[in-house]
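Written below as structure tokens is the structure these notes are about.
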Amino acid sequence: MATQTLLTLDARHPFAAKSLVDAQDMHRTVMSGFPGWVDDGSPDPRAQMGVLSTWTVDLRQARLSLVVQSSVPADWTSLPTAALAEAPHTLTLDRTFRLGDRVDFRTIVNPVRAMPPPPGSPPKTRGTRVPHTRPEHVKRWFARRLQPLGHPPTAPDGGVRIGADTDLERLAVRMLPRVSSSATHKNLRIARAELKGTLTVTDPTAFVTALSRGVGHARAYSCGLLLVR
């Protein structure tokens, strides 16, 4: 069971504007709703509390819509009242999925591929993540996470599948502007793409896990949350 909160913020307010222009500020805004649930300095508090988020901005209406999902209740009283265009709206997610269920979905992901370290690099040198920049490449990235009926939740290469399949020809992909941070994470630049379509559940347990844990990288920076209806 999880909860989702829709926060509608005035994009012209300095608090919301900072979150829009700096990915680290957006992360702090999301995490500000969960004070006291984990000890200070505890490793990866976001994952411990199952916090995922996604956002969109309506420039014409100057509205920032932020959806925050968590496995613990959120407390948004620390948000500046003047920054809220509407009162936070929270709902409880307690849905059961069955084999063959079809659901419409939307997600914003960080589609990257791992590049090995250069030859001659020291042992344990990590490779780099290179973003996909074309819709057809993003489709292939997502296809690796799909789980056709009868396939296990873990791919032969170790990749985690999402417990659902889709018709890639009907999958809509939109490349989004990158988000970055000029503060403590000077090299933070996150590529993003929006995916929309219909999923068919092929492994209900794996599907629920994907809904609660998210898909791909940069989940601390509002990527990977699967919204379904």
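Residues are referred to by chain and number: the chain letter is A, B, ... according to the order shown in the structure tokens, the number counts from 1 in that chain, and ligands are numbered separately from 1 in the order shown.
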
Please tabulate, as CSV, the residues of range 135-180 of chain A that come within 7 Å of range 201-219 of chain A, each with its closest pair of atoms and the distance in Å to one decimal, counting only C-alpha atoms and ordering rows by chain, then residue number upward.
```
residue,atom,partner,partner_atom,distance
A:Gln147,CA,A:Thr202,CA,6.8
A:Pro148,CA,A:Thr202,CA,6.6
A:Leu149,CA,A:Thr202,CA,5.1
A:Pro153,CA,A:Ala206,CA,6.3
A:Ile162,CA,A:Phe207,CA,5.2
A:Gly163,CA,A:Phe207,CA,4.2
A:Ala164,CA,A:Val201,CA,4.3
A:Asp165,CA,A:Val201,CA,6.6
```

Shell of 12 Å around range 173-180 of chain A, only C-alpha atoms, local chain residues under 4 positions omitted, as a VMD selection string: chain A and resid 18 to 27 55 to 57 106 to 111 131 to 142 168 to 169 184 to 197 218 221 to 223

Store the residues of this selection in a file with N, CA and C atoms, as a compact mmCIF listing (two decimals), in the first residue's frame.
```
# COMPACT_ATOMS: atom_id res chain seq x y z
N LYS A 18 12.45 27.96 -7.87
CA LYS A 18 13.75 27.34 -7.57
C LYS A 18 13.71 25.84 -7.84
N SER A 19 12.61 25.20 -7.50
CA SER A 19 12.50 23.76 -7.74
C SER A 19 12.49 23.45 -9.23
N LEU A 20 11.93 24.36 -10.02
CA LEU A 20 11.88 24.14 -11.46
C LEU A 20 13.25 24.26 -12.13
N VAL A 21 14.09 25.15 -11.63
CA VAL A 21 15.36 25.42 -12.31
C VAL A 21 16.52 24.61 -11.75
N ASP A 22 16.32 23.97 -10.59
CA ASP A 22 17.42 23.22 -9.99
C ASP A 22 16.92 21.87 -9.51
N ALA A 23 17.48 20.79 -10.06
CA ALA A 23 17.02 19.44 -9.72
C ALA A 23 17.24 19.11 -8.26
N GLN A 24 18.29 19.65 -7.67
CA GLN A 24 18.55 19.38 -6.26
C GLN A 24 17.50 20.08 -5.37
N ASP A 25 17.08 21.27 -5.78
CA ASP A 25 16.01 21.95 -5.05
C ASP A 25 14.69 21.19 -5.17
N MET A 26 14.41 20.63 -6.34
CA MET A 26 13.21 19.82 -6.51
C MET A 26 13.26 18.60 -5.59
N HIS A 27 14.43 17.98 -5.50
CA HIS A 27 14.59 16.83 -4.60
C HIS A 27 14.32 17.24 -3.16
N TRP A 55 6.78 15.38 -12.13
CA TRP A 55 6.17 16.71 -12.20
C TRP A 55 5.99 17.15 -13.65
N THR A 56 5.04 18.06 -13.82
CA THR A 56 4.82 18.73 -15.09
C THR A 56 4.57 20.20 -14.79
N VAL A 57 4.81 21.05 -15.77
CA VAL A 57 4.57 22.47 -15.58
C VAL A 57 3.71 22.99 -16.73
N ARG A 106 1.66 6.39 -17.74
CA ARG A 106 2.52 7.51 -18.10
C ARG A 106 3.70 7.50 -17.15
N THR A 107 4.88 7.76 -17.67
CA THR A 107 6.06 7.85 -16.83
C THR A 107 7.08 8.78 -17.47
N ILE A 108 7.88 9.41 -16.64
CA ILE A 108 9.03 10.18 -17.11
C ILE A 108 10.27 9.44 -16.63
N VAL A 109 11.14 9.09 -17.55
CA VAL A 109 12.28 8.25 -17.23
C VAL A 109 13.59 8.95 -17.60
N ASN A 110 14.66 8.41 -17.05
CA ASN A 110 16.02 8.84 -17.36
C ASN A 110 16.65 7.74 -18.21
N PRO A 111 16.51 7.82 -19.54
CA PRO A 111 16.95 6.73 -20.41
C PRO A 111 18.45 6.82 -20.72
N PRO A 131 23.20 9.37 -22.09
CA PRO A 131 21.75 9.43 -22.31
C PRO A 131 21.37 9.12 -23.76
N HIS A 132 20.22 8.48 -23.91
CA HIS A 132 19.61 8.34 -25.23
C HIS A 132 18.92 9.66 -25.57
N THR A 133 19.02 10.08 -26.81
CA THR A 133 18.47 11.37 -27.22
C THR A 133 17.44 11.27 -28.33
N ARG A 134 17.17 10.06 -28.81
CA ARG A 134 16.20 9.88 -29.89
C ARG A 134 15.06 8.97 -29.41
N PRO A 135 13.82 9.29 -29.81
CA PRO A 135 12.68 8.49 -29.34
C PRO A 135 12.80 7.00 -29.63
N GLU A 136 13.34 6.63 -30.80
CA GLU A 136 13.44 5.21 -31.12
C GLU A 136 14.41 4.49 -30.19
N HIS A 137 15.44 5.21 -29.72
CA HIS A 137 16.38 4.62 -28.77
C HIS A 137 15.74 4.49 -27.39
N VAL A 138 14.90 5.46 -27.02
CA VAL A 138 14.19 5.37 -25.75
C VAL A 138 13.23 4.19 -25.76
N LYS A 139 12.59 3.95 -26.89
CA LYS A 139 11.71 2.78 -27.00
C LYS A 139 12.48 1.49 -26.76
N ARG A 140 13.67 1.39 -27.35
CA ARG A 140 14.47 0.18 -27.14
C ARG A 140 14.91 0.07 -25.69
N TRP A 141 15.22 1.20 -25.07
CA TRP A 141 15.58 1.21 -23.64
C TRP A 141 14.42 0.65 -22.81
N PHE A 142 13.20 1.10 -23.11
CA PHE A 142 12.04 0.65 -22.36
C PHE A 142 11.72 -0.81 -22.67
N LEU A 168 4.97 -1.78 -28.66
CA LEU A 168 5.88 -0.66 -28.82
C LEU A 168 5.46 0.28 -29.95
N GLU A 169 4.74 -0.24 -30.93
CA GLU A 169 4.29 0.61 -32.03
C GLU A 169 3.28 1.66 -31.57
N THR A 184 25.39 21.97 -5.34
CA THR A 184 26.36 20.99 -4.86
C THR A 184 26.68 19.94 -5.92
N HIS A 185 25.77 19.68 -6.83
CA HIS A 185 25.99 18.67 -7.88
C HIS A 185 26.23 19.39 -9.20
N LYS A 186 27.43 19.94 -9.35
CA LYS A 186 27.71 20.78 -10.51
C LYS A 186 27.65 20.00 -11.82
N ASN A 187 27.90 18.69 -11.76
CA ASN A 187 27.87 17.90 -12.98
C ASN A 187 26.55 17.18 -13.18
N LEU A 188 25.56 17.53 -12.37
CA LEU A 188 24.27 16.85 -12.46
C LEU A 188 23.48 17.37 -13.65
N ARG A 189 23.32 16.52 -14.65
CA ARG A 189 22.50 16.82 -15.83
C ARG A 189 21.72 15.55 -16.17
N ILE A 190 20.42 15.63 -16.07
CA ILE A 190 19.58 14.44 -16.18
C ILE A 190 18.73 14.53 -17.43
N ALA A 191 18.94 13.60 -18.35
CA ALA A 191 18.11 13.50 -19.54
C ALA A 191 16.77 12.89 -19.17
N ARG A 192 15.70 13.34 -19.82
CA ARG A 192 14.37 12.85 -19.48
C ARG A 192 13.56 12.59 -20.75
N ALA A 193 12.69 11.61 -20.65
CA ALA A 193 11.75 11.32 -21.73
C ALA A 193 10.43 10.88 -21.12
N GLU A 194 9.34 11.29 -21.75
CA GLU A 194 8.00 10.89 -21.29
C GLU A 194 7.50 9.74 -22.16
N LEU A 195 6.98 8.71 -21.50
CA LEU A 195 6.40 7.56 -22.18
C LEU A 195 4.92 7.46 -21.81
N LYS A 196 4.09 7.21 -22.82
CA LYS A 196 2.66 7.00 -22.59
C LYS A 196 2.21 5.81 -23.42
N GLY A 197 1.30 5.03 -22.86
CA GLY A 197 0.78 3.89 -23.60
C GLY A 197 -0.11 3.03 -22.74
N ALA A 218 17.95 7.82 -11.69
CA ALA A 218 17.55 9.19 -11.32
C ALA A 218 16.20 9.23 -10.63
N TYR A 221 15.46 12.14 -8.53
CA TYR A 221 15.26 13.41 -9.24
C TYR A 221 14.04 13.34 -10.15
N SER A 222 12.97 12.78 -9.60
CA SER A 222 11.63 12.79 -10.24
C SER A 222 11.57 12.01 -11.54
N CYS A 223 12.33 10.93 -11.62
CA CYS A 223 12.23 10.02 -12.77
C CYS A 223 11.82 8.64 -12.28
```

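CA of Ala87 in chain A lies 8.9 Å from CA of Leu6 in chain A.
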
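Counting only C-alpha atoms, range 35-43 of chain A has the following residues at most 9 Å away, ignoring those fewer than 4 positions along the same chain: Met31, Ala47, Gln48, Met49, Val72, Ala74 and Asp75 of chain A.
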
For the residues in that selection, give me C-alpha atoms as a short mmCIF file (atom, residue, chain, number, x, y, z; two decimals), in the first residue's frame.
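Saved as selection07.cif:
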```
data_model
loop_
_atom_site.label_atom_id
_atom_site.label_comp_id
_atom_site.auth_asym_id
_atom_site.auth_seq_id
_atom_site.Cartn_x
_atom_site.Cartn_y
_atom_site.Cartn_z
CA MET A 31 11.77 15.12 0.64
CA ALA A 47 14.36 4.39 -0.95
CA GLN A 48 13.60 3.49 2.68
CA MET A 49 10.39 5.53 2.55
CA VAL A 72 4.74 6.39 4.60
CA ALA A 74 3.61 12.73 4.02
CA ASP A 75 3.38 16.01 5.94
#
```

DSSP-assigned strand (DSSP E) members of range 15-72 of chain A, reported as a PyMOL selection string: chain A and resi 52-58+63-70

Near Thr128 in chain A, counting only C-alpha atoms, which residues have an atom at most 9 Å away, once you skip same-chain residues fewer than 4 positions from it, shown as a CSV table (one decimal) with N, CA and C atoms, in the first residue's frame?
```
chain,number,residue,atom,x,y,z
A,113,ARG,N,22.4,4.6,-21.2
A,113,ARG,CA,23.0,3.3,-21.4
A,113,ARG,C,24.4,3.4,-20.7
A,114,ALA,N,24.9,2.3,-20.2
A,114,ALA,CA,26.2,2.2,-19.6
A,114,ALA,C,27.3,2.0,-20.6
A,115,MET,N,28.3,2.9,-20.5
A,115,MET,CA,29.5,2.7,-21.3
A,115,MET,C,30.6,2.2,-20.5
A,116,PRO,N,31.4,1.2,-20.9
A,116,PRO,CA,32.5,0.7,-20.1
A,116,PRO,C,33.6,1.7,-20.0
A,117,PRO,N,34.4,1.6,-18.9
A,117,PRO,CA,35.6,2.5,-18.7
A,117,PRO,C,36.6,2.3,-19.9
```

Residue contacts of range 101-103 of chain A (8 Å, only C-alpha atoms) excluding same-chain residues fewer than 5 positions away, as a PyMOL selection string: chain A and resi 198-201+228-229

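The residue that comes closest to Ser71 in chain A, out of A:Arg28, A:Arg46, A:His13, A:Arg129 and on the basis of only C-alpha atoms, is A:Arg46.
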
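Distance-wise, CA of Ser32 in chain A and CA of Leu52 in chain A end up 12.9 Å apart.
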
One-decimal distance in Å that lies between CA of Pro88 in chain A and CA of Val51 in chain A: 16.4 Å

Contact residues around range 61-65 of chain A with only C-alpha atoms at 8 Å, ignoring same-chain residues under 5 positions, as a ChimeraX atom specification: /A:6-12,16,55-56,85

Residues of the last selection are to be written out with N, CA, C and O atoms, as a PDB file, in the first residue's frame.
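Heads up, here's the output in result33.pdb:
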```pdb
ATOM      1  N   LEU A   6      -0.930  14.953  -4.781  1.00  0.00           N
ATOM      2  CA  LEU A   6      -0.802  15.925  -5.863  1.00  0.00           C
ATOM      3  C   LEU A   6      -0.623  17.300  -5.236  1.00  0.00           C
ATOM      4  O   LEU A   6      -1.504  17.785  -4.521  1.00  0.00           O
ATOM      5  N   LEU A   7       0.525  17.902  -5.504  1.00  0.00           N
ATOM      6  CA  LEU A   7       0.810  19.251  -5.061  1.00  0.00           C
ATOM      7  C   LEU A   7       0.725  20.174  -6.272  1.00  0.00           C
ATOM      8  O   LEU A   7       1.419  19.953  -7.267  1.00  0.00           O
ATOM      9  N   THR A   8      -0.131  21.177  -6.198  1.00  0.00           N
ATOM     10  CA  THR A   8      -0.250  22.163  -7.267  1.00  0.00           C
ATOM     11  C   THR A   8       0.331  23.471  -6.761  1.00  0.00           C
ATOM     12  O   THR A   8      -0.214  24.088  -5.840  1.00  0.00           O
ATOM     13  N   LEU A   9       1.460  23.860  -7.345  1.00  0.00           N
ATOM     14  CA  LEU A   9       2.200  25.027  -6.877  1.00  0.00           C
ATOM     15  C   LEU A   9       2.125  26.162  -7.892  1.00  0.00           C
ATOM     16  O   LEU A   9       2.007  25.921  -9.108  1.00  0.00           O
ATOM     17  N   ASP A  10       2.218  27.375  -7.398  1.00  0.00           N
ATOM     18  CA  ASP A  10       2.294  28.557  -8.252  1.00  0.00           C
ATOM     19  C   ASP A  10       3.718  28.658  -8.789  1.00  0.00           C
ATOM     20  O   ASP A  10       4.656  28.927  -8.032  1.00  0.00           O
ATOM     21  N   ALA A  11       3.873  28.408 -10.077  1.00  0.00           N
ATOM     22  CA  ALA A  11       5.214  28.383 -10.666  1.00  0.00           C
ATOM     23  C   ALA A  11       5.912  29.734 -10.600  1.00  0.00           C
ATOM     24  O   ALA A  11       7.135  29.807 -10.780  1.00  0.00           O
ATOM     25  N   ARG A  12       5.168  30.802 -10.336  1.00  0.00           N
ATOM     26  CA  ARG A  12       5.773  32.131 -10.248  1.00  0.00           C
ATOM     27  C   ARG A  12       6.321  32.422  -8.857  1.00  0.00           C
ATOM     28  O   ARG A  12       7.082  33.372  -8.674  1.00  0.00           O
ATOM     29  N   ALA A  16       8.637  27.614  -5.734  1.00  0.00           N
ATOM     30  CA  ALA A  16       8.394  26.696  -6.849  1.00  0.00           C
ATOM     31  C   ALA A  16       9.371  26.953  -7.986  1.00  0.00           C
ATOM     32  O   ALA A  16       9.846  26.009  -8.634  1.00  0.00           O
ATOM     33  N   TRP A  55       6.782  15.381 -12.132  1.00  0.00           N
ATOM     34  CA  TRP A  55       6.171  16.709 -12.202  1.00  0.00           C
ATOM     35  C   TRP A  55       5.989  17.153 -13.653  1.00  0.00           C
ATOM     36  O   TRP A  55       6.675  16.685 -14.558  1.00  0.00           O
ATOM     37  N   THR A  56       5.037  18.058 -13.817  1.00  0.00           N
ATOM     38  CA  THR A  56       4.819  18.733 -15.091  1.00  0.00           C
ATOM     39  C   THR A  56       4.566  20.204 -14.787  1.00  0.00           C
ATOM     40  O   THR A  56       4.153  20.557 -13.671  1.00  0.00           O
ATOM     41  N   ALA A  85      -0.973  26.671  -5.005  1.00  0.00           N
ATOM     42  CA  ALA A  85      -2.107  27.162  -5.791  1.00  0.00           C
ATOM     43  C   ALA A  85      -3.394  26.473  -5.361  1.00  0.00           C
ATOM     44  O   ALA A  85      -4.486  27.022  -5.514  1.00  0.00           O
TER      45      ALA A  85
END
```
